[in-house]
Amino acid sequence: PLSMTRRRGLQPPPGMTVESFLAAVDELRRELNGPADLIQINNDAVELVDGWYLDKPATTHDAFHVADPENLASSAVIFPRSTADVQAIVRWANRHTTTGAGKKKRGIPLYPISMGRNLGYGGAAPRVPGGVVLDLGRNMHQIVNLDGANASCVVQPGVTYFALYEAVQKLNESQPEQPLWIDTPDLGGGSVLGNAVDRGVGYTPYGDHFANHCGMEVVLPDGSLLRTGMGALPGPDGADSPAWQSFQHSFGPAVHGLFSQSSLGIVVQMGFHLMPAPPAHQSYCLTFPREDDFAAIVEVIRPLAQRGVLGNIPQLRHVVQELNVTGQPRETFRADKARADPTKPLTAEEVHAAASRLALGDCAWVFYGTQYGATQQALDDQIADITSAFASAIPGTRLVRPEDVPTDHYLHARALVCAGVPVLRELDWLNWVPNGAHLFFSPIAPTRGADARALHDLIKQLHVEHGFDLFPTLCVAGREMHYISNIVYDRADADAKQRAVRLMRAMIAACAARGFGEYRTHLLFADQVARTYSWGGQALLRFHETIKDAVDPQGVLAPGRSGIWPDAYRGEGWEL
Ligand code: ADP
């Protein structure tokens, strides 16, 4: 892990001096009345250590920095123990106001994180330098409820996929007649709640994490509490509503969406539905020989997905990912060692030559799918039908089953994820370059061959121009696809970081010009992405701002999150 000694020392929130900030923190310490380590001040004695995913990455800054890490460093990290602590902290932030150039009052900016493992999207960093990070995960990690009959759970922010998985396994031992699954994203160390509020995805049929949530408890920017869904209706004798984890909605306009990718509330509890485990499931992959097959593959997926033939949201990956999931550095695949150069991606010839020596053999695209059903025979029949649908459109389609590849092949890790078992395999990517970090670019496109091709060509061209290997993974549903490309760069290489930023900015602009926008982005690019959603004279952003100002008049909660700046910050040059 990289670390950096502080050059600037403690960076207080904007408008505060070090002294006024430390005095405010002392006041909070007295109020919370907890152990000394409940609040960590990031003064110059605290180095900016990136940390490693598993040991818990940095909460002082963005561990996968694309700029100077000190630009996105927090002044302090607070580790609340309870909802009452979170409320007290929010009220404290509102009490300590300063004014910006526009003379409007603003409180201390608070940035809530659950685990801070949101790497590639900004990690634990505050958007405003000197913002205070609320690390909810360290002390609030209870599984509040696990309801076997309703097949649901309620979790606090610090519950990881691994922790929930273990608890559900235990529950399953006590109700073998209805075993349950969780749904996990590619990496299992993150927070179940954090990933869902950020609208992350997984790969069982419950892969849309926000869609499968049911009920939230939220601390609002004034410190008051709100429950969404049926939780808004109290149960008898002070109990929770018995239907809280049964029905996502309540009465009147739906507000739960306002707390996803949001700066309108701190979610302290969230309910989720759990999937009854199917009697049988089978993962497999299909390989396609030519780069040019891409559009045709997408055309075959669309009707299969719309008709519900595909069991989950499959991943379509370029074969170059067969190389990086081996965990070997890029340069081991370089045919001409003299070409080793951080600005030179592998050539197509090098990728194909290397792929031909790996388990799947040479090909251009790999489709990872999973079927779920009553019997193994039913799954085998489904997979045979799916394979022939592809084979009739794409010559050279080849089916590969787990037993066809060595036990360390990625297909086995995929099979676990698609059955709700958390894994860490995708961390192997980071070995691609020294000091590896990554940045996600994730636009949405319709599931149509022509659109897929246009998007891919554009992204590919820009990767060539900026000197990066292109790693496309597409999560393809019946009507839309998440095109996820992962820019892997060397955190110690200032030039690589600048190129990565230029590549991101170029892709956001070029995709928007074709009508494609990102579903999520790193916090440094949020302003640019928000601006691309410009229909109707930026109607969406203006509506977001109107709500923000009404709910959080002093802008204490995550200013700048999703490109939404509170009134007291707008027009003062914060937007990037
Ligand atoms: P992970 O679950 O991958 O560790 P984080 O904890 O970093 O992810 O959460 C991802 C993002 O979601 C954060 O940067 C923050 O903006 C938002 N977030 C996380 N937890 C909460 C929460 N409890 N309330 C509101 N927003 C949250």
# chains A, B, ... in the order shown; residues from 1 in each chain; ligands from 1
call {"tool": "residues_near_ligand", "arguments": {"ligand": "ligand 1", "cutoff": "6 Å", "atoms": "only C-alpha atoms and all ligand atoms", "output": "ChimeraX atom specification"}}
result
/A:112-118,123-124,157,190-191,194-195,197-198,265-268
call {"tool": "closest_atom_pairs", "arguments": {"of": "range 175-219 of chain A", "to": "range 272-291 of chain A", "cutoff": "10 Å", "atoms": "only C-alpha atoms", "output": "CSV"}}
result
residue,atom,partner,partner_atom,distance
A:Gln178,CA,A:Pro276,CA,6.5
A:Pro179,CA,A:Ala277,CA,5.6
A:Leu180,CA,A:Pro276,CA,4.4
A:Trp181,CA,A:Met275,CA,5.2
A:Ile182,CA,A:Leu274,CA,5.6
A:Asp183,CA,A:Leu274,CA,7.7
A:Val192,CA,A:Phe272,CA,9.1
A:Leu193,CA,A:Phe272,CA,9.0
A:Ala196,CA,A:Phe272,CA,9.4
A:Thr204,CA,A:Met275,CA,8.6
A:Pro205,CA,A:Met275,CA,8.0
A:Tyr206,CA,A:Met275,CA,6.8
A:His209,CA,A:Phe272,CA,8.2
A:Phe210,CA,A:Phe272,CA,8.7
A:Ala211,CA,A:Phe272,CA,9.1
A:Asn212,CA,A:His273,CA,5.7
A:His213,CA,A:Phe272,CA,4.2
A:Cys214,CA,A:Phe272,CA,5.2
A:Gly215,CA,A:Phe272,CA,7.7
A:Met216,CA,A:Phe272,CA,9.4
call {"tool": "select_by_dssp", "arguments": {"residues": "range 11-125 of chain A", "states": "helix (DSSP H, G or I)", "output": "ChimeraX atom specification"}}
result
/A:18-32,36-38,53-55,69-72,83-95
call {"tool": "closest_residue", "arguments": {"among": "A:Ala23, A:Ala243, A:Val476, A:Ala36", "to": "Gly229 in chain A", "atoms": "only C-alpha atoms"}}
result
A:Ala243
call {"tool": "residues_around", "arguments": {"residues": "Leu523 in chain A", "least_positions_apart": "3", "cutoff": "7 Å", "atoms": "only C-alpha atoms", "output": "count of residues only"}}
result
5
